[in-house]
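Asker: My structure is stored as final-v2.tsv, with TSV, C-alpha atoms and all ligand atoms.
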```tsv
chain	number	residue	atom	x	y	z
A	1	MET	CA	60.85	-55.80	-12.62
A	2	THR	CA	60.99	-52.56	-10.66
A	3	GLU	CA	59.70	-52.41	-7.12
A	4	PHE	CA	57.02	-49.91	-6.27
A	5	THR	CA	54.08	-49.46	-3.92
A	6	VAL	CA	50.99	-47.38	-4.62
A	7	THR	CA	48.26	-47.31	-1.98
A	8	PRO	CA	46.17	-44.41	-0.63
A	9	TRP	CA	48.69	-44.13	2.21
A	10	GLU	CA	51.99	-44.94	0.64
A	11	VAL	CA	53.56	-44.19	-2.71
A	12	THR	CA	57.17	-45.34	-3.08
A	13	GLY	CA	59.60	-46.63	-5.66
A	14	ASP	CA	59.85	-46.29	-9.38
A	15	ILE	CA	56.22	-46.40	-10.48
A	16	ASP	CA	55.36	-48.40	-13.59
A	17	TYR	CA	52.05	-46.75	-14.51
A	18	ASP	CA	51.10	-49.28	-17.18
A	19	GLU	CA	51.65	-52.09	-14.73
A	20	LEU	CA	49.58	-50.24	-12.15
A	21	GLN	CA	46.75	-49.86	-14.63
A	22	ARG	CA	46.85	-53.60	-15.32
A	23	LYS	CA	46.95	-54.42	-11.64
A	24	PHE	CA	44.02	-52.16	-10.77
A	25	GLY	CA	42.11	-53.10	-13.94
A	26	THR	CA	41.48	-49.54	-15.14
A	27	SER	CA	41.26	-48.55	-18.82
A	28	PRO	CA	43.73	-46.41	-20.75
A	29	ILE	CA	42.77	-42.93	-21.94
A	30	ASP	CA	43.71	-43.74	-25.54
A	31	ASP	CA	43.28	-41.76	-28.75
A	32	GLU	CA	39.67	-42.81	-29.09
A	33	VAL	CA	38.81	-41.56	-25.59
A	34	LEU	CA	40.71	-38.34	-26.30
A	35	ARG	CA	38.81	-37.86	-29.55
A	36	ARG	CA	35.56	-38.27	-27.68
A	37	LEU	CA	36.62	-35.79	-25.00
A	38	SER	CA	37.74	-33.23	-27.55
A	39	LYS	CA	34.10	-32.82	-28.62
A	40	TYR	CA	33.47	-30.84	-25.44
A	41	GLY	CA	36.27	-28.32	-25.76
A	42	GLU	CA	40.01	-28.04	-26.18
A	43	LEU	CA	41.74	-30.91	-24.40
A	44	HIS	CA	43.65	-30.02	-21.29
A	45	PRO	CA	47.43	-30.56	-21.67
A	46	MET	CA	47.27	-33.09	-18.81
A	47	LEU	CA	45.10	-35.26	-21.07
A	48	LYS	CA	47.16	-34.74	-24.21
A	49	ARG	CA	50.36	-35.52	-22.32
A	50	GLY	CA	49.13	-38.67	-20.67
A	51	ILE	CA	49.21	-37.30	-17.11
A	52	PHE	CA	45.52	-38.06	-16.71
A	53	TYR	CA	46.03	-41.42	-18.33
A	54	SER	CA	43.50	-43.94	-17.05
A	55	HIS	CA	39.78	-44.19	-16.38
A	56	ARG	CA	36.82	-46.29	-15.36
A	57	ASP	CA	33.48	-46.01	-17.19
A	58	LEU	CA	34.10	-42.56	-18.64
A	59	ILE	CA	32.22	-43.34	-21.86
A	60	PRO	CA	28.85	-44.23	-20.28
A	61	LEU	CA	29.07	-41.01	-18.26
A	62	LEU	CA	29.64	-38.96	-21.41
A	63	ASP	CA	26.80	-40.82	-23.15
A	64	SER	CA	24.38	-39.87	-20.41
A	65	TYR	CA	25.71	-36.29	-20.41
A	66	ASP	CA	25.03	-36.12	-24.17
A	67	LYS	CA	21.44	-37.15	-23.49
A	68	GLY	CA	21.09	-34.13	-21.24
A	69	ASP	CA	21.87	-35.60	-17.81
A	70	GLU	CA	24.06	-33.60	-15.48
A	71	PHE	CA	26.73	-35.26	-13.44
A	72	MET	CA	28.34	-34.44	-10.11
A	73	LEU	CA	32.06	-33.75	-10.08
A	74	TYR	CA	33.80	-34.93	-6.92
A	75	THR	CA	37.35	-34.86	-5.62
A	76	GLY	CA	39.00	-34.37	-2.26
A	77	ARG	CA	41.94	-33.75	-0.02
A	78	GLY	CA	43.19	-35.30	3.18
A	79	PRO	CA	44.30	-32.21	5.17
A	80	SER	CA	47.58	-33.36	6.68
A	81	GLY	CA	49.79	-30.38	5.87
A	82	ASN	CA	50.27	-27.34	3.67
A	83	THR	CA	49.24	-27.57	0.04
A	84	HIS	CA	52.01	-28.30	-2.43
A	85	LEU	CA	52.06	-28.34	-6.23
A	86	GLY	CA	51.40	-32.07	-6.27
A	87	HIS	CA	48.05	-31.53	-4.57
A	88	MET	CA	47.16	-28.69	-6.91
A	89	MET	CA	47.70	-30.68	-10.10
A	90	PRO	CA	44.49	-32.76	-10.03
A	91	TRP	CA	42.53	-29.76	-8.71
A	92	ILE	CA	43.63	-27.71	-11.71
A	93	PHE	CA	42.32	-30.50	-13.90
A	94	ASN	CA	39.03	-30.62	-11.97
A	95	LYS	CA	38.60	-26.93	-12.65
A	96	TRP	CA	38.95	-27.65	-16.38
A	97	VAL	CA	36.28	-30.36	-16.10
A	98	GLN	CA	33.92	-27.99	-14.29
A	99	ASP	CA	34.45	-25.24	-16.87
A	100	THR	CA	34.07	-27.64	-19.78
A	101	PHE	CA	30.94	-29.43	-18.59
A	102	LYS	CA	29.45	-26.68	-16.38
A	103	VAL	CA	28.72	-29.15	-13.59
A	104	PRO	CA	28.30	-28.88	-9.83
A	105	MET	CA	31.10	-30.14	-7.60
A	106	PHE	CA	31.86	-31.55	-4.18
A	107	PHE	CA	35.28	-31.13	-2.61
A	108	GLN	CA	35.66	-33.42	0.38
A	109	MET	CA	38.18	-32.68	3.11
A	110	THR	CA	38.82	-35.80	5.12
A	111	ASP	CA	40.01	-34.37	8.43
A	112	ASP	CA	38.78	-37.59	10.05
A	113	GLU	CA	41.07	-39.64	7.80
A	114	LYS	CA	44.20	-37.69	8.64
A	115	PHE	CA	43.35	-37.74	12.34
A	116	LEU	CA	43.01	-41.53	12.21
A	117	PHE	CA	46.06	-42.26	10.04
A	118	LYS	CA	48.57	-39.63	11.18
A	119	ASP	CA	49.93	-38.27	14.39
A	120	LEU	CA	47.71	-35.17	14.26
A	121	THR	CA	44.97	-33.77	16.50
A	122	LEU	CA	41.51	-32.89	15.20
A	123	HIS	CA	42.46	-29.29	15.84
A	124	ASP	CA	45.49	-29.66	13.53
A	125	THR	CA	43.52	-31.32	10.74
A	126	ARG	CA	40.80	-28.69	10.84
A	127	ASN	CA	43.31	-25.87	10.58
A	128	MET	CA	45.02	-27.62	7.68
A	129	ALA	CA	41.67	-28.13	6.00
A	130	TYR	CA	40.98	-24.40	6.16
A	131	GLU	CA	44.39	-23.57	4.67
A	132	ASN	CA	43.97	-26.22	1.94
A	133	ALA	CA	40.45	-24.98	1.14
A	134	LEU	CA	41.88	-21.52	0.37
A	135	ASP	CA	44.20	-23.05	-2.22
A	136	PHE	CA	41.37	-25.01	-3.74
A	137	ILE	CA	39.07	-21.99	-3.99
A	138	ALA	CA	41.90	-19.82	-5.36
A	139	LEU	CA	41.90	-21.94	-8.50
A	140	GLY	CA	38.61	-20.31	-9.47
A	141	PHE	CA	35.93	-22.96	-8.99
A	142	ASP	CA	32.37	-21.78	-9.55
A	143	THR	CA	31.46	-20.28	-6.16
A	144	GLU	CA	27.76	-21.12	-6.60
A	145	LYS	CA	28.14	-24.64	-7.91
A	146	THR	CA	30.98	-25.86	-5.69
A	147	LYS	CA	30.49	-27.10	-2.14
A	148	ILE	CA	33.23	-27.93	0.33
A	149	ILE	CA	32.60	-30.84	2.68
A	150	LEU	CA	34.52	-31.11	5.94
A	151	ASP	CA	33.82	-34.59	7.29
A	152	THR	CA	33.59	-33.73	10.98
A	153	GLU	CA	31.18	-30.87	10.20
A	154	CYS	CA	29.07	-32.54	7.52
A	155	ILE	CA	28.84	-35.87	9.31
A	156	LYS	CA	25.10	-35.58	9.90
A	157	THR	CA	24.46	-35.78	6.17
A	158	LEU	CA	27.28	-38.18	5.34
A	159	TYR	CA	26.72	-40.67	8.15
A	160	PRO	CA	23.51	-42.33	6.90
A	161	ILE	CA	25.19	-42.96	3.53
A	162	ALA	CA	28.40	-44.17	5.17
A	163	LEU	CA	26.36	-46.57	7.31
A	164	LYS	CA	24.63	-48.08	4.29
A	165	VAL	CA	28.05	-48.56	2.71
A	166	ALA	CA	29.57	-49.99	5.90
A	167	LYS	CA	26.89	-52.65	6.08
A	168	LYS	CA	27.93	-53.90	2.63
A	169	VAL	CA	31.68	-54.05	3.26
A	170	THR	CA	33.06	-56.94	5.29
A	171	PHE	CA	36.17	-56.79	7.44
A	172	SER	CA	37.76	-59.33	5.17
A	173	THR	CA	37.23	-57.10	2.10
A	174	ALA	CA	38.67	-54.09	3.94
A	175	LYS	CA	41.71	-56.15	4.93
A	176	ALA	CA	42.23	-57.45	1.41
A	177	VAL	CA	41.89	-53.99	-0.18
A	178	PHE	CA	43.78	-51.89	2.36
A	179	GLY	CA	45.99	-54.39	4.17
A	180	PHE	CA	44.72	-53.70	7.69
A	181	GLU	CA	46.15	-55.70	10.57
A	182	ASN	CA	45.00	-56.55	14.06
A	183	SER	CA	46.87	-53.50	15.31
A	184	SER	CA	45.02	-51.08	12.97
A	185	ASN	CA	42.69	-48.78	14.86
A	186	ILE	CA	39.03	-49.45	14.13
A	187	GLY	CA	38.41	-45.93	12.79
A	188	GLN	CA	40.75	-46.70	9.90
A	189	ILE	CA	38.72	-49.74	8.99
A	190	PHE	CA	35.51	-47.70	8.81
A	191	PHE	CA	37.06	-44.73	7.03
A	192	THR	CA	36.65	-45.83	3.42
A	193	THR	CA	32.86	-45.49	3.81
A	194	MET	CA	33.38	-41.76	4.40
A	195	GLN	CA	35.29	-41.32	1.16
A	196	THR	CA	32.54	-43.19	-0.65
A	197	ALA	CA	29.70	-41.09	0.78
A	198	PRO	CA	30.13	-37.95	-1.42
A	199	ALA	CA	30.01	-40.16	-4.54
A	200	PHE	CA	26.42	-41.05	-3.59
A	201	LEU	CA	25.48	-37.75	-1.99
A	202	ALA	CA	24.05	-36.10	-5.11
A	203	SER	CA	21.79	-39.12	-5.70
A	204	GLU	CA	20.51	-38.72	-2.14
A	205	ILE	CA	19.95	-34.99	-2.49
A	206	TYR	CA	18.25	-35.10	-5.88
A	207	GLY	CA	16.34	-38.28	-5.05
A	208	LYS	CA	17.37	-39.94	-8.30
A	209	GLN	CA	20.37	-41.73	-9.75
A	210	MET	CA	22.88	-38.93	-10.31
A	211	PRO	CA	26.05	-39.88	-12.22
A	212	CYS	CA	29.34	-38.88	-10.59
A	213	LEU	CA	32.82	-38.28	-12.03
A	214	ILE	CA	35.88	-38.41	-9.78
A	215	PRO	CA	39.16	-37.11	-11.22
A	216	CYS	CA	42.04	-37.86	-8.83
A	217	GLY	CA	45.39	-39.57	-8.34
A	218	ILE	CA	45.41	-43.26	-9.19
A	219	ASP	CA	46.56	-44.01	-5.62
A	220	GLN	CA	42.92	-43.47	-4.56
A	221	ASP	CA	41.61	-46.34	-6.69
A	222	PRO	CA	41.38	-48.86	-3.81
A	223	HIS	CA	38.74	-46.65	-2.13
A	224	PHE	CA	36.75	-46.23	-5.28
A	225	ARG	CA	36.87	-49.92	-6.14
A	226	VAL	CA	34.96	-50.42	-2.90
A	227	THR	CA	32.61	-47.56	-3.83
A	228	ARG	CA	31.89	-49.07	-7.21
A	229	ASP	CA	31.42	-52.56	-5.81
A	230	VAL	CA	28.75	-51.53	-3.33
A	231	ALA	CA	26.92	-49.02	-5.56
A	232	PRO	CA	24.51	-51.36	-7.41
A	233	GLY	CA	23.37	-53.03	-4.17
A	234	LEU	CA	22.47	-49.63	-2.75
A	235	ASN	CA	20.78	-48.44	-5.93
A	236	TYR	CA	23.35	-45.74	-6.65
A	237	PRO	CA	25.19	-45.38	-9.98
A	238	LYS	CA	28.82	-46.49	-9.96
A	239	PRO	CA	30.99	-43.37	-10.13
A	240	SER	CA	33.20	-42.91	-13.19
A	241	MET	CA	36.87	-42.30	-12.57
A	242	LEU	CA	39.64	-40.26	-14.23
A	243	TYR	CA	43.09	-41.06	-12.87
A	244	CYS	CA	46.33	-39.14	-13.00
A	245	LYS	CA	49.94	-40.01	-12.34
A	246	MET	CA	51.66	-38.63	-9.25
A	247	PHE	CA	53.30	-35.21	-9.50
A	248	PRO	CA	57.07	-35.76	-9.27
A	249	GLY	CA	59.34	-34.41	-6.56
A	250	LEU	CA	62.21	-32.03	-7.33
A	251	SER	CA	64.61	-34.69	-6.08
A	252	GLY	CA	63.74	-36.93	-9.01
A	253	ALA	CA	61.35	-39.05	-6.88
A	254	ASP	CA	58.16	-40.18	-8.57
A	255	LYS	CA	55.94	-38.35	-6.11
A	256	MET	CA	56.26	-34.95	-4.51
A	257	SER	CA	56.01	-35.54	-0.79
A	258	SER	CA	55.97	-33.35	2.29
A	259	SER	CA	58.40	-35.75	3.92
A	260	ASP	CA	61.06	-34.25	1.64
A	261	GLU	CA	60.60	-30.53	2.36
A	262	ASN	CA	63.44	-29.31	0.18
A	263	ALA	CA	62.10	-31.10	-2.89
A	264	THR	CA	58.56	-29.83	-2.37
A	265	ILE	CA	57.10	-26.50	-3.46
A	266	TYR	CA	54.31	-25.22	-1.26
A	267	THR	CA	51.72	-22.72	-2.42
A	268	THR	CA	52.85	-20.33	0.28
A	269	ASP	CA	56.57	-20.47	-0.57
A	270	THR	CA	58.43	-17.19	-1.08
A	271	PRO	CA	60.23	-16.48	-4.38
A	272	LYS	CA	63.51	-16.99	-2.53
A	273	ALA	CA	62.50	-20.40	-1.24
A	274	VAL	CA	61.41	-21.47	-4.73
A	275	LYS	CA	64.72	-20.34	-6.18
A	276	LYS	CA	66.62	-22.33	-3.58
A	277	LYS	CA	64.58	-25.51	-4.03
A	278	VAL	CA	64.62	-25.44	-7.82
A	279	GLY	CA	68.33	-24.65	-7.67
A	280	ARG	CA	68.91	-27.95	-5.91
A	281	ALA	CA	66.65	-30.00	-8.18
A	282	PHE	CA	67.73	-33.26	-9.72
A	283	THR	CA	68.43	-32.83	-13.44
A	284	GLY	CA	69.62	-34.90	-16.35
A	285	GLY	CA	72.79	-32.83	-16.71
A	286	CYS	CA	76.43	-33.87	-16.77
A	287	VAL	CA	79.02	-33.23	-14.06
A	288	SER	CA	80.88	-30.54	-15.98
A	289	VAL	CA	79.84	-27.80	-18.37
A	290	GLU	CA	82.30	-29.07	-21.00
A	291	GLU	CA	80.88	-32.55	-20.86
A	292	GLN	CA	77.33	-31.29	-21.12
A	293	ARG	CA	78.11	-29.05	-24.09
A	294	GLN	CA	79.61	-32.11	-25.76
A	295	LYS	CA	77.25	-34.91	-24.80
A	296	GLY	CA	74.07	-33.03	-23.97
A	297	GLY	CA	71.68	-33.71	-21.09
A	298	ASN	CA	68.87	-36.18	-20.53
A	299	PRO	CA	65.43	-34.57	-20.15
A	300	ASP	CA	63.79	-37.98	-19.53
A	301	VAL	CA	65.08	-38.14	-15.97
A	302	CYS	CA	65.16	-34.39	-15.28
A	303	ALA	CA	62.84	-33.04	-12.56
A	304	VAL	CA	63.04	-29.53	-14.03
A	305	PHE	CA	61.84	-30.82	-17.37
A	306	LYS	CA	59.07	-32.83	-15.69
A	307	TYR	CA	57.79	-29.67	-14.00
A	308	ASN	CA	57.50	-27.99	-17.36
A	309	TYR	CA	55.84	-31.05	-18.84
A	310	TYR	CA	53.34	-31.58	-16.01
A	311	MET	CA	52.38	-28.04	-15.23
A	312	PHE	CA	54.42	-25.06	-16.28
A	313	GLU	CA	54.82	-25.18	-20.07
A	314	HIS	CA	51.58	-25.60	-21.96
A	315	ASP	CA	53.11	-24.87	-25.36
A	316	ASP	CA	54.11	-28.16	-27.04
A	317	LYS	CA	56.49	-26.41	-29.42
A	318	LYS	CA	58.43	-24.81	-26.58
A	319	LEU	CA	58.63	-28.15	-24.85
A	320	GLU	CA	60.05	-29.78	-27.98
A	321	GLU	CA	62.58	-26.99	-28.28
A	322	MET	CA	63.61	-27.55	-24.67
A	323	ILE	CA	64.23	-31.25	-25.32
A	324	HIS	CA	66.15	-30.56	-28.48
A	325	LYS	CA	68.40	-27.92	-26.94
A	326	CYS	CA	69.05	-30.05	-23.88
A	327	ARG	CA	70.04	-33.15	-25.85
A	328	ASN	CA	72.31	-31.06	-28.06
A	329	GLY	CA	74.08	-29.44	-25.16
A	330	GLU	CA	72.87	-26.01	-26.29
A	331	ILE	CA	71.27	-25.26	-22.96
A	332	LEU	CA	72.63	-25.92	-19.47
A	333	CYS	CA	70.79	-26.93	-16.30
A	334	GLY	CA	71.32	-23.55	-14.66
A	335	GLU	CA	69.41	-21.80	-17.42
A	336	CYS	CA	66.53	-24.27	-17.26
A	337	LYS	CA	66.38	-23.93	-13.48
A	338	GLN	CA	66.26	-20.18	-13.69
A	339	ALA	CA	63.49	-20.23	-16.28
A	340	LEU	CA	61.45	-22.67	-14.22
A	341	THR	CA	61.96	-20.64	-11.05
A	342	GLU	CA	60.53	-17.61	-12.83
A	343	LYS	CA	57.52	-19.54	-14.13
A	344	ILE	CA	56.74	-20.97	-10.71
A	345	ASN	CA	57.11	-17.60	-9.03
A	346	VAL	CA	54.82	-15.90	-11.53
A	347	PHE	CA	52.26	-18.63	-10.89
A	348	LEU	CA	52.61	-18.38	-7.11
A	349	GLU	CA	52.40	-14.61	-6.98
A	350	ASP	CA	49.04	-14.73	-8.71
A	351	HIS	CA	47.89	-17.74	-6.70
A	352	GLN	CA	48.82	-16.17	-3.38
A	353	ALA	CA	46.77	-13.07	-4.22
A	354	LYS	CA	43.77	-15.22	-5.11
A	355	ARG	CA	44.32	-17.26	-1.96
A	356	GLU	CA	43.87	-14.06	0.07
A	357	GLU	CA	40.67	-13.26	-1.80
A	358	ALA	CA	39.41	-16.79	-1.13
A	359	LYS	CA	39.08	-15.85	2.56
A	360	GLU	CA	36.07	-13.72	1.60
A	361	VAL	CA	34.13	-16.67	0.15
A	362	VAL	CA	35.38	-19.66	2.12
A	363	ASP	CA	32.37	-19.53	4.46
A	364	SER	CA	29.85	-19.25	1.64
A	365	MET	CA	31.11	-22.35	-0.16
A	366	THR	CA	30.63	-24.87	2.63
A	367	PHE	CA	28.23	-27.77	2.26
A	368	ASP	CA	25.40	-27.63	4.81
A	369	GLY	CA	26.50	-24.04	5.56
A	370	PHE	CA	29.01	-24.76	8.32
A	371	LYS	CA	31.33	-21.94	9.38
A	372	TRP	CA	35.11	-22.37	9.49
B	401	LIG	N1	41.97	-39.73	0.72
B	401	LIG	C1	42.33	-38.54	0.02
B	401	LIG	C2	43.71	-38.07	0.49
B	401	LIG	O1	44.34	-38.63	1.30
B	401	LIG	C3	41.33	-37.44	0.22
B	401	LIG	C4	40.06	-37.63	-0.56
B	401	LIG	C5	38.78	-37.68	-0.05
B	401	LIG	C6	39.94	-37.75	-1.97
B	401	LIG	N2	37.88	-37.83	-1.06
B	401	LIG	C7	38.54	-37.88	-2.23
B	401	LIG	C8	40.86	-37.74	-3.02
B	401	LIG	C9	38.08	-38.01	-3.53
B	401	LIG	C10	40.39	-37.88	-4.30
B	401	LIG	C11	39.01	-38.02	-4.56
B	401	LIG	O2	44.20	-37.08	0.00
```
Write the structure described by the file as structure tokens, please.
Answerer:
Amino acid sequence: MTEFTVTPWEVTGDIDYDELQRKFGTSPIDDEVLRRLSKYGELHPMLKRGIFYSHRDLIPLLDSYDKGDEFMLYTGRGPSGNTHLGHMMPWIFNKWVQDTFKVPMFFQMTDDEKFLFKDLTLHDTRNMAYENALDFIALGFDTEKTKIILDTECIKTLYPIALKVAKKVTFSTAKAVFGFENSSNIGQIFFTTMQTAPAFLASEIYGKQMPCLIPCGIDQDPHFRVTRDVAPGLNYPKPSMLYCKMFPGLSGADKMSSSDENATIYTTDTPKAVKKKVGRAFTGGCVSVEEQRQKGGNPDVCAVFKYNYYMFEHDDKKLEEMIHKCRNGEILCGECKQALTEKINVFLEDHQAKREEAKEVVDSMTFDGFKW
């Protein structure tokens, strides 16, 4: 058995995603679920390719949507640093969900969380939140229907909900779910209630049970298990979940992480920086050109291939061709790296322009109307 850890605060090792699904007790997004989803529009490649691969209670949510009920879309970000591609991946998917179902959305920025769990000041986390919000907005979310929550600003609205949740969660549950110890600061113990609050917020605002869908990384499941456990007792609907795998690092690690700067592509990277980082990426190539021409490479372990698969090549045929040519030794790692560098740089050039434009609307998209 391989060793791995997946918690909201730590993702390490060689992740066995099927095992994780079994451990957490979530359901697979199988062909039947995909068939159901395809009724609403063309499936996003992240669904077809098993990147969004697991769910909780998606079907009842779709049933109620079919009967004419809206639902609230909700996801979030803990602002601890600059945005990288790994953060963007689930947001891109959320944008597809909003476009497909035409639903309102909350984007929660947990500056409180990162203050409590990292060596950062509240000033740092707020600045990061602003920078991250620009990246989120740049993806084109509906400016009318999407509201950004910053915990320390929106606390007045969130706190009564968080309190109701807190009263239902014992210290022993929090310890069992999150592994707190006597040395954990007490803010950390309370924090999960803050991540739960937006899941119930629409029900509060509309004064009726409002279904909620949360697409995010599967590492967030411990929080939302708590959310779902307390929901019935508070007369809120349990949120439905859509879970994705972690976006890989360029080093071949299972998760892109800011702790490995050279294997991480930030949204603000220059074309030169991208070229350098992709140039150093871990691939499935051989040590010499001759050997690779003869034996071929291995796309299964290749970070460059994974980037195409996860985000940068939507055309299945082109992906197949890439695999074929690689295994046959017809294409070398340098060529793949160059092609990926170009794709990323095209994406970033456009994104960076939209990120600038986002500055015009960032104040108008805040929940409760706070100003950045
Ligand atoms: N805890 C998440 C993080 O560290 C941030 C977050 C808040 C979130 N609310 C969320 C993530 C809802 C996914 C869905 O990034």
Asker: Would you give me, as JSON lines, each residue of chain A having an atom within 8 Å of an atom of ligand LIG 401 (chain B), along with its shortest atom pair and that distance in Å to one decimal, using all atoms listed in the file and sorting by chain and residue number?
Answerer:
```
{"residue": "A:Pro8", "atom": "CA", "partner": "B:LIG401", "partner_atom": "O1", "distance": 6.4}
{"residue": "A:Trp9", "atom": "CA", "partner": "B:LIG401", "partner_atom": "O1", "distance": 7.1}
{"residue": "A:Tyr74", "atom": "CA", "partner": "B:LIG401", "partner_atom": "C9", "distance": 6.3}
{"residue": "A:Thr75", "atom": "CA", "partner": "B:LIG401", "partner_atom": "C11", "distance": 3.7}
{"residue": "A:Gly76", "atom": "CA", "partner": "B:LIG401", "partner_atom": "C6", "distance": 3.5}
{"residue": "A:Arg77", "atom": "CA", "partner": "B:LIG401", "partner_atom": "C3", "distance": 3.7}
{"residue": "A:Gly78", "atom": "CA", "partner": "B:LIG401", "partner_atom": "O2", "distance": 3.8}
{"residue": "A:Pro79", "atom": "CA", "partner": "B:LIG401", "partner_atom": "O2", "distance": 7.1}
{"residue": "A:Phe107", "atom": "CA", "partner": "B:LIG401", "partner_atom": "N2", "distance": 7.4}
{"residue": "A:Gln108", "atom": "CA", "partner": "B:LIG401", "partner_atom": "N2", "distance": 5.1}
{"residue": "A:Met109", "atom": "CA", "partner": "B:LIG401", "partner_atom": "C5", "distance": 5.9}
{"residue": "A:Thr110", "atom": "CA", "partner": "B:LIG401", "partner_atom": "C5", "distance": 5.5}
{"residue": "A:Glu113", "atom": "CA", "partner": "B:LIG401", "partner_atom": "N1", "distance": 7.1}
{"residue": "A:Lys114", "atom": "CA", "partner": "B:LIG401", "partner_atom": "O1", "distance": 7.4}
{"residue": "A:Gln195", "atom": "CA", "partner": "B:LIG401", "partner_atom": "N2", "distance": 4.9}
{"residue": "A:Thr196", "atom": "CA", "partner": "B:LIG401", "partner_atom": "N2", "distance": 7.6}
{"residue": "A:Pro198", "atom": "CA", "partner": "B:LIG401", "partner_atom": "N2", "distance": 7.8}
{"residue": "A:Ile214", "atom": "CA", "partner": "B:LIG401", "partner_atom": "C11", "distance": 6.1}
{"residue": "A:Pro215", "atom": "CA", "partner": "B:LIG401", "partner_atom": "C11", "distance": 6.7}
{"residue": "A:Cys216", "atom": "CA", "partner": "B:LIG401", "partner_atom": "C10", "distance": 4.8}
{"residue": "A:Gly217", "atom": "CA", "partner": "B:LIG401", "partner_atom": "C10", "distance": 6.6}
{"residue": "A:Gln220", "atom": "CA", "partner": "B:LIG401", "partner_atom": "C10", "distance": 6.1}
```
Asker: Measure the distance from CA of Ala202 in chain A to CA of Phe136 in chain A in Å and round it to one decimal.
Answerer: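 One can read the CA of Ala202 in chain A to CA of Phe136 in chain A distance as 20.6 Å.
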Asker: With distances taken over all atoms listed in the file, which of A:Arg36, A:Arg293, A:Lys208, A:Arg228 is nearest to Leu332 in chain A?
Answerer: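 Using all atoms listed in the file, the shortest distance to Leu332 in chain A belongs to A:Arg293.
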Asker: Of the residues A:Asp229, A:Asp221, A:Asp14, A:Glu131, which is the one nearest to Tyr266 in chain A, using only C-alpha atoms?
Answerer: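 Ranking A:Asp229, A:Asp221, A:Asp14, A:Glu131 by distance to Tyr266 in chain A, first place goes to A:Glu131.
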Asker: Of the residues A:Val361, A:Val230, A:Met246, A:Ile344, which is the one nearest to Val6 in chain A, using all atoms listed in the file?
Answerer: A:Met246
Asker: Find the distance between CA of Ala303 in chain A and CA of Leu47 in chain A and write it in Å to one decimal.
Answerer: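 Straight-line distance from CA of Ala303 in chain A to CA of Leu47 in chain A works out to 19.8 Å.
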Asker: Counting all atoms listed in the file, figure out which residue out of A:Glu291, A:Cys326, A:Arg280, A:Ala162 gets nearest to Thr227 in chain A.
Answerer: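 That would be A:Ala162, the residue with the smallest distance to Thr227 in chain A.
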Asker: For CA of Leu340 in chain A and CA of Gly279 in chain A, determine how far apart the two atoms are, in Å to one decimal place.
Answerer: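 CA of Gly279 in chain A lies 9.7 Å from CA of Leu340 in chain A.
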Asker: With distances taken over all atoms listed in the file, which of A:Gln292, A:Asn308, A:Thr152, A:Gln352 is nearest to Gly334 in chain A?
Answerer: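 Of all the options, A:Gln292 lies closest to Gly334 in chain A.
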Asker: Output as AutoDock Vina command-line options the centre and edge lengths (Å, one decimal) of the box along x, y and z of the file that holds every listed atom of range 172-182 of chain A after adding 5 Å on each side.
Answerer:
```
--center_x 41.7 --center_y -55.6 --center_z 6.9 --size_x 18.9 --size_y 17.4 --size_z 24.2
```
Asker: For Asn94 in chain A, find every residue with an atom within 10 Å (counting all atoms listed in the file), except residues of its own chain fewer than 2 positions away, and show them as number ranges by chain.
Answerer: A: 73-75, 88-92, 96-100, 105, 139, 141, 213-216, 242
Asker: Would you output that residue set with C-alpha atoms, as a PDB file, in the frame of the given file?
Answerer:
```pdb
ATOM      1  CA  LEU A  73      32.060 -33.750 -10.080  1.00  0.00           C
ATOM      2  CA  TYR A  74      33.800 -34.930  -6.920  1.00  0.00           C
ATOM      3  CA  THR A  75      37.350 -34.860  -5.620  1.00  0.00           C
ATOM      4  CA  MET A  88      47.160 -28.690  -6.910  1.00  0.00           C
ATOM      5  CA  MET A  89      47.700 -30.680 -10.100  1.00  0.00           C
ATOM      6  CA  PRO A  90      44.490 -32.760 -10.030  1.00  0.00           C
ATOM      7  CA  TRP A  91      42.530 -29.760  -8.710  1.00  0.00           C
ATOM      8  CA  ILE A  92      43.630 -27.710 -11.710  1.00  0.00           C
ATOM      9  CA  TRP A  96      38.950 -27.650 -16.380  1.00  0.00           C
ATOM     10  CA  VAL A  97      36.280 -30.360 -16.100  1.00  0.00           C
ATOM     11  CA  GLN A  98      33.920 -27.990 -14.290  1.00  0.00           C
ATOM     12  CA  ASP A  99      34.450 -25.240 -16.870  1.00  0.00           C
ATOM     13  CA  THR A 100      34.070 -27.640 -19.780  1.00  0.00           C
ATOM     14  CA  MET A 105      31.100 -30.140  -7.600  1.00  0.00           C
ATOM     15  CA  LEU A 139      41.900 -21.940  -8.500  1.00  0.00           C
ATOM     16  CA  PHE A 141      35.930 -22.960  -8.990  1.00  0.00           C
ATOM     17  CA  LEU A 213      32.820 -38.280 -12.030  1.00  0.00           C
ATOM     18  CA  ILE A 214      35.880 -38.410  -9.780  1.00  0.00           C
ATOM     19  CA  PRO A 215      39.160 -37.110 -11.220  1.00  0.00           C
ATOM     20  CA  CYS A 216      42.040 -37.860  -8.830  1.00  0.00           C
ATOM     21  CA  LEU A 242      39.640 -40.260 -14.230  1.00  0.00           C
TER      22      LEU A 242
END
```
Asker: What's around Val33 in chain A at 12 Å? Count all atoms listed in the file, leave out sequence neighbours fewer than 6 positions away in its own chain, and write the answer as a count of residues only.
Answerer: 18
Asker: Using only C-alpha atoms, find the one residue out of A:Cys302, A:Met194, A:Leu34, A:Leu85 that sits nearest to Ser257 in chain A.
Answerer: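 Among A:Cys302, A:Met194, A:Leu34, A:Leu85, it is A:Leu85 that comes nearest to Ser257 in chain A.
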